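**Q** One structure, pasted below without further comment.
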Amino acid sequence: MAKEKLGLKNTLGLSPKFNVKKTEIDVEKTEKAVKEIHSTREEYHRLTIDLPIDIYEKMAHKLVGKKLSGKKLTHRMYITMLIEADMNK
């Protein structure tokens, strides 16, 4: 009587191994792209605030579905606009 093949590989029906192509990474090109991406960003100062839950919920409901220049209006954008409006008075 033939001995049955047992084991994880035989019972799960795994696909055969195959060689993965190795690609060369152009380090200079990558570094240039990274510098371009990071050089175009504004500098930011992180500000953390604690809001009462009722104010936060009202703000969140107000922003649902709102867009500014074709982009979803985020909490960050909304608060920045409020501060800029107050500063420009």
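As shown in the structure tokens, the chain order sets the letters A, B, ...; within each chain, residues go from 1, and ligands are also counted from 1 in the order they appear.
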Could you pull out the strand (DSSP E) residues of chain A from DSSP and send them as a ChimeraX atom specification?
**A** /A:67-68,71-72
**Q** Next, dump the selected residues to file, keeping only C-alpha atoms, as a PDB file, in the first residue's frame.
**A**
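Listing of part_39.pdb after writing:
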```pdb
ATOM      1  CA  LYS A  67     -15.827  70.545  -1.073  1.00  0.00           C
ATOM      2  CA  LEU A  68     -13.338  73.339  -1.625  1.00  0.00           C
ATOM      3  CA  LYS A  71     -11.295  68.597  -2.764  1.00  0.00           C
ATOM      4  CA  LYS A  72     -13.058  67.278   0.297  1.00  0.00           C
TER       5      LYS A  72
END
```
**Q** Could you tell me how far CA of Gly65 (chain A) lies from CA of Ile79 (chain A), in Å and to one decimal?
**A**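 Straight-line distance from CA of Gly65 (chain A) to CA of Ile79 (chain A) works out to 16.4 Å.
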**Q** Let's see if you can do this: from backbone DSSP, list all helix (DSSP H, G or I) residues in chain A, as a ChimeraX atom specification.
**A** /A:8-12,27-39,53-63,75-87
**Q** Select, from A:Met87, A:Lys32, A:Tyr56, A:Glu42, the residue with the minimum atom-to-atom distance to His75 (chain A), counting only C-alpha atoms.
**A**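 The answer is A:Tyr56, which sits nearest to His75 (chain A).
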**Q** Can you pull out the residues contacting Arg76 (chain A)? Cut-off 12 Å, using only C-alpha atoms, and skip same-chain residues under 3 positions away; I want them as a PyMOL selection string.
**A** chain A and resi 44+46-49+59-60+63+72-73+79-83
**Q** If you keep C-alpha atoms, can you produce a file of those selected residues as a PDB file, in the first residue's frame?
**A**
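Below is the file that was written, selection_25.pdb:
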```pdb
ATOM      1  CA  TYR A  44       3.723  73.659   9.415  1.00  0.00           C
ATOM      2  CA  ARG A  46       1.475  71.358  14.845  1.00  0.00           C
ATOM      3  CA  LEU A  47      -1.310  72.613  17.065  1.00  0.00           C
ATOM      4  CA  THR A  48      -3.370  70.233  19.165  1.00  0.00           C
ATOM      5  CA  ILE A  49      -6.640  71.390  20.669  1.00  0.00           C
ATOM      6  CA  MET A  59     -18.388  70.868  12.908  1.00  0.00           C
ATOM      7  CA  ALA A  60     -18.102  67.323  11.569  1.00  0.00           C
ATOM      8  CA  LEU A  63     -18.281  69.444   6.783  1.00  0.00           C
ATOM      9  CA  LYS A  72     -13.058  67.278   0.297  1.00  0.00           C
ATOM     10  CA  LEU A  73     -13.134  70.006   2.948  1.00  0.00           C
ATOM     11  CA  ILE A  79     -10.094  75.609  10.924  1.00  0.00           C
ATOM     12  CA  THR A  80      -7.317  77.218   8.855  1.00  0.00           C
ATOM     13  CA  MET A  81      -9.938  79.176   6.881  1.00  0.00           C
ATOM     14  CA  LEU A  82     -11.596  80.363  10.109  1.00  0.00           C
ATOM     15  CA  ILE A  83      -8.273  81.544  11.562  1.00  0.00           C
TER      16      ILE A  83
END
```
